[in-house]
>>> print(open('final_30.json').read())   # JSON, C-alpha atoms
[["chain", "number", "residue", "atom", "x", "y", "z"],
["J", 1051, "MET", "CA", 11.23, 40.60, 39.44],
["J", 1052, "GLY", "CA", 14.50, 38.67, 39.83],
["J", 1053, "GLU", "CA", 12.70, 35.56, 41.08],
["J", 1054, "SER", "CA", 10.07, 36.00, 38.38],
["J", 1055, "MET", "CA", 12.75, 36.13, 35.69],
["J", 1056, "GLU", "CA", 14.53, 33.09, 37.13],
["J", 1057, "LEU", "CA", 11.29, 31.09, 37.06],
["J", 1058, "ALA", "CA", 10.61, 32.26, 33.50],
["J", 1059, "ILE", "CA", 14.05, 31.04, 32.40],
["J", 1060, "LEU", "CA", 13.45, 27.72, 34.17],
["J", 1061, "ILE", "CA", 10.06, 27.35, 32.43],
["J", 1062, "VAL", "CA", 11.69, 27.92, 29.03],
["J", 1063, "ILE", "CA", 14.49, 25.44, 29.78],
["J", 1064, "LEU", "CA", 12.14, 22.73, 31.06],
["J", 1065, "GLY", "CA", 9.69, 23.43, 28.22],
["J", 1066, "LEU", "CA", 12.51, 22.70, 25.77],
["J", 1067, "VAL", "CA", 13.52, 19.61, 27.79],
["J", 1068, "PHE", "CA", 9.94, 18.38, 27.45],
["J", 1069, "ASP", "CA", 10.09, 19.16, 23.72],
["J", 1070, "TYR", "CA", 13.25, 17.04, 23.47],
["J", 1071, "THR", "CA", 11.72, 14.12, 25.42],
["J", 1072, "ASN", "CA", 8.66, 14.44, 23.20],
["J", 1073, "GLY", "CA", 10.94, 14.10, 20.17],
["J", 1074, "PHE", "CA", 12.76, 10.94, 21.24],
["J", 1075, "HIS", "CA", 9.66, 9.48, 22.95],
["J", 1076, "ASP", "CA", 7.53, 9.93, 19.83],
["J", 1077, "ALA", "CA", 10.23, 9.18, 17.25],
["J", 1078, "ALA", "CA", 8.77, 5.67, 17.22],
["J", 1079, "ASN", "CA", 5.49, 7.02, 15.86],
["J", 1080, "VAL", "CA", 7.27, 8.53, 12.90],
["J", 1081, "VAL", "CA", 9.69, 5.76, 11.97],
["J", 1082, "SER", "CA", 8.37, 2.47, 13.40],
["J", 1083, "THR", "CA", 6.55, 1.31, 10.28],
["J", 1084, "VAL", "CA", 9.24, 2.30, 7.80],
["J", 1085, "ILE", "CA", 11.83, 0.46, 9.92],
["J", 1086, "ALA", "CA", 9.61, -2.58, 10.45],
["J", 1087, "THR", "CA", 9.16, -2.99, 6.67],
["J", 1088, "ARG", "CA", 12.93, -2.52, 6.14],
["J", 1089, "VAL", "CA", 12.30, 0.25, 3.63],
["J", 1090, "LEU", "CA", 14.77, 2.47, 5.50],
["J", 1091, "ALA", "CA", 17.58, 1.65, 7.90],
["J", 1092, "PRO", "CA", 16.92, 2.85, 11.48],
["J", 1093, "ILE", "CA", 19.51, 5.64, 11.40],
["J", 1094, "SER", "CA", 18.35, 6.92, 8.00],
["J", 1095, "ALA", "CA", 14.72, 6.85, 9.13],
["J", 1096, "ILE", "CA", 15.43, 8.75, 12.35],
["J", 1097, "VAL", "CA", 17.53, 11.43, 10.60],
["J", 1098, "MET", "CA", 14.75, 11.89, 8.02],
["J", 1099, "ALA", "CA", 12.21, 12.19, 10.81],
["J", 1100, "GLY", "CA", 14.33, 14.72, 12.68],
["J", 1101, "VAL", "CA", 14.66, 17.02, 9.67],
["J", 1102, "LEU", "CA", 10.97, 16.89, 8.77],
["J", 1103, "ASN", "CA", 9.91, 17.28, 12.39],
["J", 1104, "PHE", "CA", 11.90, 20.52, 12.42],
["J", 1105, "ILE", "CA", 10.22, 21.75, 9.23],
["J", 1106, "GLY", "CA", 6.75, 20.83, 10.51],
["J", 1107, "ALA", "CA", 7.42, 22.49, 13.85],
["J", 1108, "THR", "CA", 8.14, 25.85, 12.19],
["J", 1109, "GLN", "CA", 4.63, 25.93, 10.71],
["J", 1110, "ILE", "CA", 1.94, 27.42, 12.94],
["J", 1111, "SER", "CA", -1.36, 25.65, 13.57],
["J", 1112, "GLY", "CA", -4.05, 26.27, 16.18],
["J", 1113, "VAL", "CA", -2.63, 23.71, 18.62],
["J", 1114, "ALA", "CA", -0.32, 26.12, 20.47],
["J", 1115, "GLN", "CA", -3.16, 28.58, 21.08],
["J", 1116, "THR", "CA", -5.33, 25.75, 22.41],
["J", 1117, "ILE", "CA", -2.65, 24.85, 24.98],
["J", 1118, "ALA", "CA", -2.03, 28.50, 25.91],
["J", 1119, "THR", "CA", -5.60, 29.81, 26.14],
["J", 1120, "ARG", "CA", -8.34, 27.16, 25.92],
["J", 1121, "LEU", "CA", -7.67, 24.63, 28.68],
["J", 1122, "VAL", "CA", -7.30, 26.63, 31.91],
["J", 1123, "GLU", "CA", -8.08, 30.23, 32.78],
["J", 1124, "ALA", "CA", -5.05, 32.29, 31.74],
["J", 1125, "GLN", "CA", -5.00, 34.34, 34.95],
["J", 1126, "ASP", "CA", -4.74, 31.13, 37.01],
["J", 1127, "ALA", "CA", -1.79, 29.79, 35.03],
["J", 1128, "THR", "CA", 0.93, 31.18, 37.27],
["J", 1129, "GLN", "CA", 4.62, 30.57, 36.75],
["J", 1130, "LEU", "CA", 4.58, 27.78, 39.31],
["J", 1131, "VAL", "CA", 1.56, 26.12, 37.70],
["J", 1132, "VAL", "CA", 3.23, 26.11, 34.27],
["J", 1133, "LEU", "CA", 6.54, 24.93, 35.73],
["J", 1134, "CYS", "CA", 4.92, 22.02, 37.59],
["J", 1135, "ALA", "CA", 2.86, 21.11, 34.50],
["J", 1136, "VAL", "CA", 6.05, 20.68, 32.49],
["J", 1137, "ILE", "CA", 7.78, 18.76, 35.30],
["J", 1138, "GLY", "CA", 4.83, 16.35, 35.54],
["J", 1139, "ALA", "CA", 4.83, 15.78, 31.78],
["J", 1140, "ILE", "CA", 8.59, 15.17, 31.66],
["J", 1141, "LEU", "CA", 8.42, 12.66, 34.53],
["J", 1142, "TRP", "CA", 5.58, 10.79, 32.83],
["J", 1143, "ASN", "CA", 7.46, 10.75, 29.50],
["J", 1144, "LEU", "CA", 10.61, 9.35, 31.12],
["J", 1145, "LEU", "CA", 8.68, 6.73, 33.08],
["J", 1146, "THR", "CA", 6.77, 5.43, 30.05],
["J", 1147, "TRP", "CA", 9.87, 5.60, 27.81],
["J", 1148, "TYR", "CA", 11.85, 3.54, 30.32],
["J", 1149, "TYR", "CA", 9.24, 0.78, 30.25],
["J", 1150, "GLY", "CA", 8.80, 1.03, 26.47],
["J", 1151, "ILE", "CA", 5.18, 2.16, 26.74],
["J", 1152, "PRO", "CA", 4.14, 4.37, 23.78],
["J", 1153, "SER", "CA", 1.97, 6.73, 25.80],
["J", 1154, "SER", "CA", 1.07, 10.19, 24.58],
["J", 1155, "SER", "CA", 3.41, 13.13, 25.24],
["J", 1156, "SER", "CA", 0.57, 15.39, 24.14],
["J", 1157, "TYR", "CA", -1.81, 14.23, 26.82],
["J", 1158, "ALA", "CA", 1.00, 14.11, 29.38],
["J", 1159, "LEU", "CA", 1.51, 17.85, 28.97],
["J", 1160, "ILE", "CA", -2.23, 18.55, 28.98],
["J", 1161, "GLY", "CA", -2.75, 16.36, 32.05],
["J", 1162, "GLY", "CA", 0.15, 18.11, 33.75],
["J", 1163, "LEU", "CA", -1.34, 21.54, 33.09],
["J", 1164, "LEU", "CA", -4.80, 20.50, 34.31],
["J", 1165, "GLY", "CA", -3.42, 18.83, 37.44],
["J", 1166, "ALA", "CA", -1.22, 21.77, 38.45],
["J", 1167, "ALA", "CA", -3.94, 24.36, 37.78],
["J", 1168, "TRP", "CA", -6.54, 22.31, 39.65],
["J", 1169, "ILE", "CA", -4.46, 22.03, 42.83],
["J", 1170, "HIS", "CA", -3.47, 25.71, 42.56],
["J", 1171, "VAL", "CA", -7.07, 27.00, 42.42],
["J", 1172, "ASP", "CA", -9.84, 24.42, 42.12],
["J", 1173, "ILE", "CA", -11.83, 22.59, 39.47],
["J", 1174, "HIS", "CA", -13.43, 25.83, 38.24],
["J", 1175, "THR", "CA", -10.17, 27.04, 36.67],
["J", 1176, "ILE", "CA", -10.46, 24.32, 34.01],
["J", 1177, "ILE", "CA", -12.19, 25.41, 30.80],
["J", 1178, "TRP", "CA", -14.24, 22.25, 30.34],
["J", 1179, "GLY", "CA", -15.59, 23.21, 26.93],
["J", 1180, "GLY", "CA", -12.05, 23.41, 25.58],
["J", 1181, "VAL", "CA", -10.89, 20.27, 27.37],
["J", 1182, "ILE", "CA", -13.82, 18.18, 26.14],
["J", 1183, "GLY", "CA", -14.06, 19.67, 22.63],
["J", 1184, "LYS", "CA", -10.35, 19.98, 21.87],
["J", 1185, "VAL", "CA", -8.89, 17.12, 23.94],
["J", 1186, "VAL", "CA", -11.25, 14.40, 25.18],
["J", 1187, "ILE", "CA", -13.42, 13.94, 22.07],
["J", 1188, "PRO", "CA", -10.43, 13.99, 19.67],
["J", 1189, "MET", "CA", -8.56, 11.64, 22.03],
["J", 1190, "ILE", "CA", -11.34, 9.07, 21.67],
["J", 1191, "LEU", "CA", -12.27, 9.61, 18.02],
["J", 1192, "SER", "CA", -8.88, 10.14, 16.34],
["J", 1193, "PRO", "CA", -7.47, 6.61, 16.76],
["J", 1194, "LEU", "CA", -10.86, 5.14, 15.81],
["J", 1195, "ILE", "CA", -10.91, 7.26, 12.66],
["J", 1196, "GLY", "CA", -7.31, 6.24, 11.94],
["J", 1197, "PHE", "CA", -8.23, 2.57, 12.42],
["J", 1198, "LEU", "CA", -11.26, 2.84, 10.13],
["J", 1199, "LEU", "CA", -9.50, 4.77, 7.34],
["J", 1200, "ALA", "CA", -6.49, 2.44, 7.40],
["J", 1201, "TYR", "CA", -8.78, -0.60, 7.37],
["J", 1202, "LEU", "CA", -10.77, 0.72, 4.39],
["J", 1203, "LEU", "CA", -7.67, 1.78, 2.45],
["J", 1204, "MET", "CA", -6.04, -1.58, 3.03],
["J", 1205, "LYS", "CA", -9.17, -3.45, 1.98],
["J", 1206, "GLY", "CA", -9.23, -1.33, -1.19],
["J", 1207, "LEU", "CA", -5.60, -2.18, -1.92],
["J", 1208, "TYR", "CA", -6.28, -5.88, -1.37],
["J", 1209, "THR", "CA", -9.19, -5.65, -3.84],
["J", 1210, "TRP", "CA", -7.06, -3.76, -6.37],
["J", 1211, "LYS", "CA", -4.22, -6.31, -6.09],
["J", 1212, "PRO", "CA", -1.45, -4.08, -7.48],
["J", 1213, "LYS", "CA", 1.00, -6.03, -9.65],
["J", 1214, "ASN", "CA", 4.00, -3.78, -9.01],
["J", 1215, "LYS", "CA", 4.25, -4.02, -5.25],
["J", 1216, "ARG", "CA", 7.78, -2.63, -5.20],
["J", 1217, "ILE", "CA", 6.39, 0.85, -5.86],
["J", 1218, "PHE", "CA", 5.00, 0.85, -2.34],
["J", 1219, "ARG", "CA", 8.54, 0.86, -0.98],
["J", 1220, "HIS", "CA", 8.94, 4.30, -2.54],
["J", 1221, "LEU", "CA", 5.43, 5.41, -1.59],
["J", 1222, "GLN", "CA", 6.07, 4.42, 2.00],
["J", 1223, "ILE", "CA", 9.09, 6.73, 2.20],
["J", 1224, "GLY", "CA", 6.81, 9.56, 1.07],
["J", 1225, "SER", "CA", 4.09, 8.68, 3.58],
["J", 1226, "ALA", "CA", 6.67, 8.41, 6.37],
["J", 1227, "CYS", "CA", 7.83, 11.93, 5.48],
["J", 1228, "PHE", "CA", 4.27, 13.19, 5.84],
["J", 1229, "VAL", "CA", 3.95, 11.53, 9.24],
["J", 1230, "ALA", "CA", 7.17, 13.24, 10.39],
["J", 1231, "LEU", "CA", 5.98, 16.60, 9.03],
["J", 1232, "SER", "CA", 2.57, 16.30, 10.67],
["J", 1233, "HIS", "CA", 4.13, 15.17, 13.96],
["J", 1234, "GLY", "CA", 6.23, 18.34, 14.08],
["J", 1235, "LEU", "CA", 3.23, 20.47, 13.15],
["J", 1236, "ASN", "CA", 1.08, 19.07, 15.97],
["J", 1237, "ASP", "CA", 3.45, 18.01, 18.74],
["J", 1238, "ALA", "CA", 5.97, 20.86, 18.79],
["J", 1239, "GLN", "CA", 3.06, 23.29, 19.04],
["J", 1240, "LYS", "CA", 2.31, 22.01, 22.54],
["J", 1241, "SER", "CA", 5.73, 23.00, 23.84],
["J", 1242, "MET", "CA", 5.36, 26.38, 22.15],
["J", 1243, "GLY", "CA", 2.00, 26.84, 23.85],
["J", 1244, "ILE", "CA", 3.22, 25.95, 27.35],
["J", 1245, "ILE", "CA", 6.34, 28.14, 27.07],
["J", 1246, "THR", "CA", 4.21, 31.03, 25.79],
["J", 1247, "LEU", "CA", 1.82, 30.54, 28.71],
["J", 1248, "GLY", "CA", 4.80, 30.68, 31.08],
["J", 1249, "LEU", "CA", 6.11, 33.88, 29.49],
["J", 1250, "PHE", "CA", 2.66, 35.43, 29.75],
["J", 1251, "ALA", "CA", 2.39, 34.44, 33.41],
["J", 1252, "SER", "CA", 5.81, 36.00, 34.00],
["J", 1253, "GLY", "CA", 4.73, 39.30, 32.46],
["J", 1254, "ILE", "CA", 7.42, 39.06, 29.77],
["J", 1255, "ILE", "CA", 4.82, 39.17, 27.00],
["J", 1256, "SER", "CA", 1.56, 41.09, 27.27],
["J", 1257, "THR", "CA", -0.59, 38.65, 25.26],
["J", 1258, "PRO", "CA", -0.34, 34.87, 24.86],
["J", 1259, "ALA", "CA", 0.92, 35.19, 21.26],
["J", 1260, "ILE", "CA", 3.80, 32.89, 20.34],
["J", 1261, "PRO", "CA", 7.12, 34.75, 19.87],
["J", 1262, "LEU", "CA", 9.23, 33.83, 16.83],
["J", 1263, "TRP", "CA", 12.20, 32.75, 18.95],
["J", 1264, "VAL", "CA", 9.96, 30.25, 20.81],
["J", 1265, "ILE", "CA", 8.87, 28.75, 17.49],
["J", 1266, "LEU", "CA", 12.45, 28.34, 16.29],
["J", 1267, "ALA", "CA", 13.74, 27.02, 19.64],
["J", 1268, "CYS", "CA", 11.00, 24.40, 19.85],
["J", 1269, "ALA", "CA", 11.48, 23.39, 16.22],
["J", 1270, "VAL", "CA", 15.22, 22.83, 16.66],
["J", 1271, "THR", "CA", 14.76, 20.96, 19.96],
["J", 1272, "MET", "CA", 12.01, 18.73, 18.56],
["J", 1273, "GLY", "CA", 14.21, 17.86, 15.57],
["J", 1274, "LEU", "CA", 17.17, 17.00, 17.80],
["J", 1275, "GLY", "CA", 15.01, 14.92, 20.11],
["J", 1276, "THR", "CA", 13.55, 12.95, 17.23],
["J", 1277, "ALA", "CA", 17.00, 12.42, 15.72],
["J", 1278, "SER", "CA", 18.17, 10.86, 18.99],
["J", 1279, "GLY", "CA", 15.58, 8.11, 18.56],
["J", 1280, "GLY", "CA", 13.40, 6.10, 20.87],
["J", 1281, "PHE", "CA", 14.30, 2.50, 20.10],
["J", 1282, "ARG", "CA", 12.51, 1.01, 23.11],
["J", 1283, "ILE", "CA", 9.17, 2.21, 21.74],
["J", 1284, "ILE", "CA", 10.01, 1.56, 18.07],
["J", 1285, "HIS", "CA", 9.98, -2.17, 18.81],
["J", 1286, "THR", "CA", 6.51, -2.00, 20.37],
["J", 1287, "MET", "CA", 4.99, 0.09, 17.60],
["J", 1288, "GLY", "CA", 6.69, -1.46, 14.58],
["J", 1289, "PHE", "CA", 6.91, -5.14, 15.43],
["J", 1290, "SER", "CA", 4.54, -6.10, 18.26],
["J", 1291, "ILE", "CA", 1.06, -5.08, 17.04],
["J", 1292, "THR", "CA", 1.09, -6.85, 13.66],
["J", 1293, "LYS", "CA", 3.54, -7.91, 10.97],
["J", 1294, "ILE", "CA", 3.52, -5.28, 8.22],
["J", 1295, "ASP", "CA", 4.87, -5.03, 4.68],
["J", 1296, "PRO", "CA", 5.45, -1.85, 2.61],
["J", 1297, "ILE", "CA", 1.85, -1.76, 1.34],
["J", 1298, "GLN", "CA", 0.48, -1.90, 4.88],
["J", 1299, "GLY", "CA", 3.12, 0.57, 6.07],
["J", 1300, "PHE", "CA", 2.09, 3.04, 3.37],
["J", 1301, "ALA", "CA", -1.61, 2.66, 4.25],
["J", 1302, "ALA", "CA", -0.98, 3.14, 7.98],
["J", 1303, "GLU", "CA", 1.26, 6.18, 7.52],
["J", 1304, "ALA", "CA", -0.94, 7.85, 4.90],
["J", 1305, "THR", "CA", -4.08, 7.66, 7.02],
["J", 1306, "ALA", "CA", -2.32, 8.66, 10.25],
["J", 1307, "SER", "CA", -0.70, 11.74, 8.67],
["J", 1308, "LEU", "CA", -4.03, 12.78, 7.13],
["J", 1309, "VAL", "CA", -5.81, 12.74, 10.50],
["J", 1310, "ILE", "CA", -2.92, 14.46, 12.34],
["J", 1311, "LEU", "CA", -2.71, 17.26, 9.75],
["J", 1312, "THR", "CA", -6.48, 17.79, 9.85],
["J", 1313, "ALA", "CA", -6.49, 17.93, 13.65],
["J", 1314, "SER", "CA", -3.55, 20.36, 13.65],
["J", 1315, "PHE", "CA", -5.41, 22.89, 11.52],
["J", 1316, "LEU", "CA", -8.48, 22.48, 13.74],
["J", 1317, "GLY", "CA", -6.37, 23.30, 16.81],
["J", 1318, "MET", "CA", -6.74, 19.82, 18.32],
["J", 1319, "PRO", "CA", -3.65, 18.54, 20.18],
["J", 1320, "ILE", "CA", -4.11, 14.85, 19.36],
["J", 1321, "SER", "CA", -1.67, 12.03, 19.99],
["J", 1322, "SER", "CA", 0.51, 10.88, 17.11],
["J", 1323, "THR", "CA", 1.15, 7.73, 19.17],
["J", 1324, "GLN", "CA", -2.55, 6.89, 19.17],
["J", 1325, "MET", "CA", -2.85, 7.66, 15.49],
["J", 1326, "ILE", "CA", -0.04, 5.40, 14.32],
["J", 1327, "ALA", "CA", -1.09, 2.59, 16.67],
["J", 1328, "GLY", "CA", -4.71, 2.85, 15.52],
["J", 1329, "SER", "CA", -3.69, 2.86, 11.86],
["J", 1330, "ILE", "CA", -1.30, -0.10, 12.27],
["J", 1331, "THR", "CA", -4.08, -2.04, 14.00],
["J", 1332, "GLY", "CA", -6.42, -1.09, 11.15],
["J", 1333, "VAL", "CA", -4.16, -2.42, 8.38],
["J", 1334, "GLY", "CA", -3.53, -5.59, 10.38],
["J", 1335, "SER", "CA", -7.27, -6.14, 10.88],
["J", 1336, "ALA", "CA", -7.86, -5.71, 7.14],
["J", 1337, "LYS", "CA", -5.75, -8.81, 6.60],
["J", 1338, "SER", "CA", -7.45, -10.80, 9.37],
["J", 1339, "VAL", "CA", -8.50, -10.38, 12.97],
["J", 1340, "GLN", "CA", -5.95, -13.02, 13.93],
["J", 1341, "ALA", "CA", -3.14, -11.00, 12.35],
["J", 1342, "VAL", "CA", -3.26, -8.49, 15.22],
["J", 1343, "SER", "CA", -1.79, -9.15, 18.65],
["J", 1344, "TRP", "CA", -4.76, -7.61, 20.44],
["J", 1345, "HIS", "CA", -3.16, -7.66, 23.88],
["J", 1346, "ILE", "CA", -0.78, -4.92, 22.69],
["J", 1347, "PRO", "CA", -3.56, -2.47, 21.62],
["J", 1348, "ARG", "CA", -5.37, -3.20, 24.89],
["J", 1349, "LYS", "CA", -2.25, -2.26, 26.87],
["J", 1350, "LEU", "CA", -1.84, 0.89, 24.77],
["J", 1351, "VAL", "CA", -5.43, 1.95, 25.36],
["J", 1352, "ALA", "CA", -4.97, 1.47, 29.10],
["J", 1353, "ALA", "CA", -1.78, 3.56, 29.00],
["J", 1354, "TRP", "CA", -3.50, 6.34, 27.06],
["J", 1355, "PHE", "CA", -6.39, 6.60, 29.51],
["J", 1356, "LEU", "CA", -3.93, 6.66, 32.42],
["J", 1357, "THR", "CA", -1.83, 9.44, 30.90],
["J", 1358, "LEU", "CA", -4.09, 12.42, 31.64],
["J", 1359, "PRO", "CA", -4.67, 11.56, 35.32],
["J", 1360, "GLY", "CA", -1.16, 10.11, 35.75],
["J", 1361, "ALA", "CA", 0.68, 13.18, 34.49],
["J", 1362, "GLY", "CA", -1.85, 15.32, 36.37],
["J", 1363, "LEU", "CA", -0.95, 13.58, 39.63],
["J", 1364, "PHE", "CA", 2.78, 14.02, 38.93],
["J", 1365, "SER", "CA", 2.34, 17.75, 38.32],
["J", 1366, "ALA", "CA", 0.02, 18.15, 41.32],
["J", 1367, "GLY", "CA", 2.64, 16.40, 43.45],
["J", 1368, "ALA", "CA", 5.35, 18.68, 42.07],
["J", 1369, "TYR", "CA", 3.18, 21.71, 42.93],
["J", 1370, "ALA", "CA", 2.59, 20.46, 46.47],
["J", 1371, "VAL", "CA", 6.33, 19.90, 46.99],
["J", 1372, "ALA", "CA", 7.14, 23.34, 45.56],
["J", 1373, "GLN", "CA", 4.61, 24.95, 47.90],
["J", 1374, "TRP", "CA", 6.05, 23.07, 50.87],
["J", 1375, "ILE", "CA", 9.60, 24.13, 49.98]]
>>> encode(input="final_30.json", output="structure tokens")
Amino acid sequence: MGESMELAILIVILGLVFDYTNGFHDAANVVSTVIATRVLAPISAIVMAGVLNFIGATQISGVAQTIATRLVEAQDATQLVVLCAVIGAILWNLLTWYYGIPSSSSYALIGGLLGAAWIHVDIHTIIWGGVIGKVVIPMILSPLIGFLLAYLLMKGLYTWKPKNKRIFRHLQIGSACFVALSHGLNDAQKSMGIITLGLFASGIISTPAIPLWVILACAVTMGLGTASGGFRIIHTMGFSITKIDPIQGFAAEATASLVILTASFLGMPISSTQMIAGSITGVGSAKSVQAVSWHIPRKLVAAWFLTLPGAGLFSAGAYAVAQWI
């Protein structure tokens, strides 16, 4: 029981560390456009994002339950599996942050869980219906939907030709707030789900229902992580894909937050990184195909597809080392 409790405490600590890395890794998703358009100063934007990430994280959606119960068989998610899943996700987050690659923390955690569970049992422990329906299909469709909605909204705004363009500076602050809120609602739920799964595996809770203290701990940690900022990735997201103004920033943020909020209530742990990148590419394409630096989206797509297997390999390696020790 002593070893079990020690592992449970380690799972909680590393789950919160992942939550923190998720916050500063994905801060770029929340603030990149509002900084790129100079509507808010970087520090102001990051503080705003941190507060609203905290508020969003305290609201429960179906994402946490998806992580805890719909990806791998609960009885196979031992303490060591959960611990190695979090370790793999943290390592992947740090690696991609160091190189300024806006990969998905969401899919890093999911890939870590799948990789650790697979090496612990075998392929049959994976609940493929949940993985395909809640992860793979949304992973492919969500950025495409974000691209299309942003493109259509931007085309509509170009047709409308608003005379008072300064109003979009104020509207963009509002849309950035919604992105921060939706990011907390979707992304913090993943940490809650993995910590809850670890507590369930430890026998500390009898059902994989999220305790209140886990919700509050993850919300605070996500807010602090976001407030610390991720300036390496902000440059990639805000300045490298396309040059944006407040109208484009508003369109990108509004469409991204709409898709993220919808997915959250459907229990789909999608990537806010993908959403913002897809929406920014959409508003740039609405201006002209030449306005987008397409080599950046191509690199991002490659990084996204590598995240699930990459984090899975990290967590599988961590499990193998732990078994050897």
>>> residues_around(input="final_30.json", residues="stretch 1146-1159 of chain J", least_positions_apart="2", cutoff="6 Å", atoms="only C-alpha atoms", output="ChimeraX atom specification")
/J:1072,1139,1143-1144,1161-1162,1282-1283,1321,1323,1353-1354,1357-1358,1361
>>> closest_residue(input="final_30.json", among="J:Val1089, J:Ala1124, J:Leu1191, J:Ala1301", to="J:Arg1216", atoms="all atoms listed in the file")
J:Val1089
>>> residues_around(input="final_30.json", residues="stretch 1054-1061 of chain J", least_positions_apart="2", cutoff="8 Å", atoms="only C-alpha atoms", output="MDAnalysis selection string")
chainID J and resid 1051:1052 1063:1065 1129:1130 1132:1133 1136 1245 1248:1249 1252
>>> closest_residue(input="final_30.json", among="J:Gly1253, J:Pro1193, J:Gly1224, J:Pro1359", to="J:Gly1328", atoms="all atoms listed in the file")
J:Pro1193
>>> closest_atom_pairs(input="final_30.json", of="stretch 1141-1234 of chain J", to="stretch 1255-1277 of chain J", cutoff="12 Å", atoms="all atoms listed in the file", output="CSV")
residue,atom,partner,partner_atom,distance
J:Ala1230,CA,J:Thr1276,CA,9.4
J:Leu1231,CA,J:Gly1273,CA,10.6
J:His1233,CA,J:Met1272,CA,9.8
J:Gly1234,CA,J:Met1272,CA,7.3
>>> residues_around(input="final_30.json", residues="J:Ser1329", least_positions_apart="5", cutoff="8 Å", atoms="only C-alpha atoms", output="PyMOL selection string")
chain J and resi 1193+1196-1201+1301-1303+1305-1306
>>> residues_around(input="final_30.json", residues="stretch 1166-1171 of chain J", least_positions_apart="5", cutoff="6 Å", atoms="only C-alpha atoms", output="list in words")
Val1131, Ala1135, Ser1365 and Ala1366 of chain J
>>> residues_around(input="final_30.json", residues="J:Gly1180", least_positions_apart="6", cutoff="10 Å", atoms="all atoms listed in the file", output="ChimeraX atom specification")
/J:1116-1117,1119-1122,1186,1318
>>> atom_distance(input="final_30.json", atom1="atom CA of J:Gly1362", atom2="atom CA of J:Trp1374")
18.2 Å
>>> atom_distance(input="final_30.json", atom1="atom CA of J:Asp1172", atom2="atom CA of J:Thr1246")
22.5 Å
>>> closest_residue(input="final_30.json", among="J:Gln1324, J:Thr1209, J:Gln1222, J:Thr1312", to="J:Phe1355", atoms="all atoms listed in the file")
J:Gln1324
>>> closest_residue(input="final_30.json", among="J:Cys1227, J:Ile1176, J:Val1185, J:Val1101", to="J:Asp1126", atoms="all atoms listed in the file")
J:Ile1176
>>> build_atoms(input="final_30.json", residues="stretch 1104-1116 of chain J", atoms="N, CA and C atoms", output="PDB file, in the coordinates of the input")
ATOM      1  N   PHE J1104      11.485  19.117  12.303  1.00  0.00           N
ATOM      2  CA  PHE J1104      11.900  20.520  12.420  1.00  0.00           C
ATOM      3  C   PHE J1104      11.092  21.394  11.468  1.00  0.00           C
ATOM      4  N   ILE J1105      10.969  20.959  10.221  1.00  0.00           N
ATOM      5  CA  ILE J1105      10.220  21.750   9.230  1.00  0.00           C
ATOM      6  C   ILE J1105       8.762  21.890   9.652  1.00  0.00           C
ATOM      7  N   GLY J1106       8.148  20.785  10.073  1.00  0.00           N
ATOM      8  CA  GLY J1106       6.750  20.830  10.510  1.00  0.00           C
ATOM      9  C   GLY J1106       6.557  21.727  11.714  1.00  0.00           C
ATOM     10  N   ALA J1107       7.535  21.716  12.617  1.00  0.00           N
ATOM     11  CA  ALA J1107       7.420  22.490  13.850  1.00  0.00           C
ATOM     12  C   ALA J1107       7.468  23.998  13.603  1.00  0.00           C
ATOM     13  N   THR J1108       8.061  24.407  12.476  1.00  0.00           N
ATOM     14  CA  THR J1108       8.140  25.850  12.190  1.00  0.00           C
ATOM     15  C   THR J1108       6.838  26.392  11.610  1.00  0.00           C
ATOM     16  N   GLN J1109       5.919  25.501  11.273  1.00  0.00           N
ATOM     17  CA  GLN J1109       4.630  25.930  10.710  1.00  0.00           C
ATOM     18  C   GLN J1109       3.610  26.066  11.835  1.00  0.00           C
ATOM     19  N   ILE J1110       2.874  27.161  11.837  1.00  0.00           N
ATOM     20  CA  ILE J1110       1.940  27.420  12.940  1.00  0.00           C
ATOM     21  C   ILE J1110       0.558  26.846  12.652  1.00  0.00           C
ATOM     22  N   SER J1111       0.026  26.115  13.623  1.00  0.00           N
ATOM     23  CA  SER J1111      -1.360  25.650  13.570  1.00  0.00           C
ATOM     24  C   SER J1111      -2.066  26.204  14.799  1.00  0.00           C
ATOM     25  N   GLY J1112      -3.294  25.768  15.037  1.00  0.00           N
ATOM     26  CA  GLY J1112      -4.050  26.270  16.180  1.00  0.00           C
ATOM     27  C   GLY J1112      -3.758  25.545  17.481  1.00  0.00           C
ATOM     28  N   VAL J1113      -2.873  24.542  17.445  1.00  0.00           N
ATOM     29  CA  VAL J1113      -2.630  23.710  18.620  1.00  0.00           C
ATOM     30  C   VAL J1113      -1.996  24.514  19.752  1.00  0.00           C
ATOM     31  N   ALA J1114      -1.005  25.339  19.426  1.00  0.00           N
ATOM     32  CA  ALA J1114      -0.320  26.120  20.470  1.00  0.00           C
ATOM     33  C   ALA J1114      -1.281  27.046  21.191  1.00  0.00           C
ATOM     34  N   GLN J1115      -2.188  27.680  20.447  1.00  0.00           N
ATOM     35  CA  GLN J1115      -3.160  28.580  21.080  1.00  0.00           C
ATOM     36  C   GLN J1115      -4.129  27.809  21.962  1.00  0.00           C
ATOM     37  N   THR J1116      -4.460  26.580  21.571  1.00  0.00           N
ATOM     38  CA  THR J1116      -5.330  25.750  22.410  1.00  0.00           C
ATOM     39  C   THR J1116      -4.663  25.490  23.757  1.00  0.00           C
TER      40      THR J1116
END
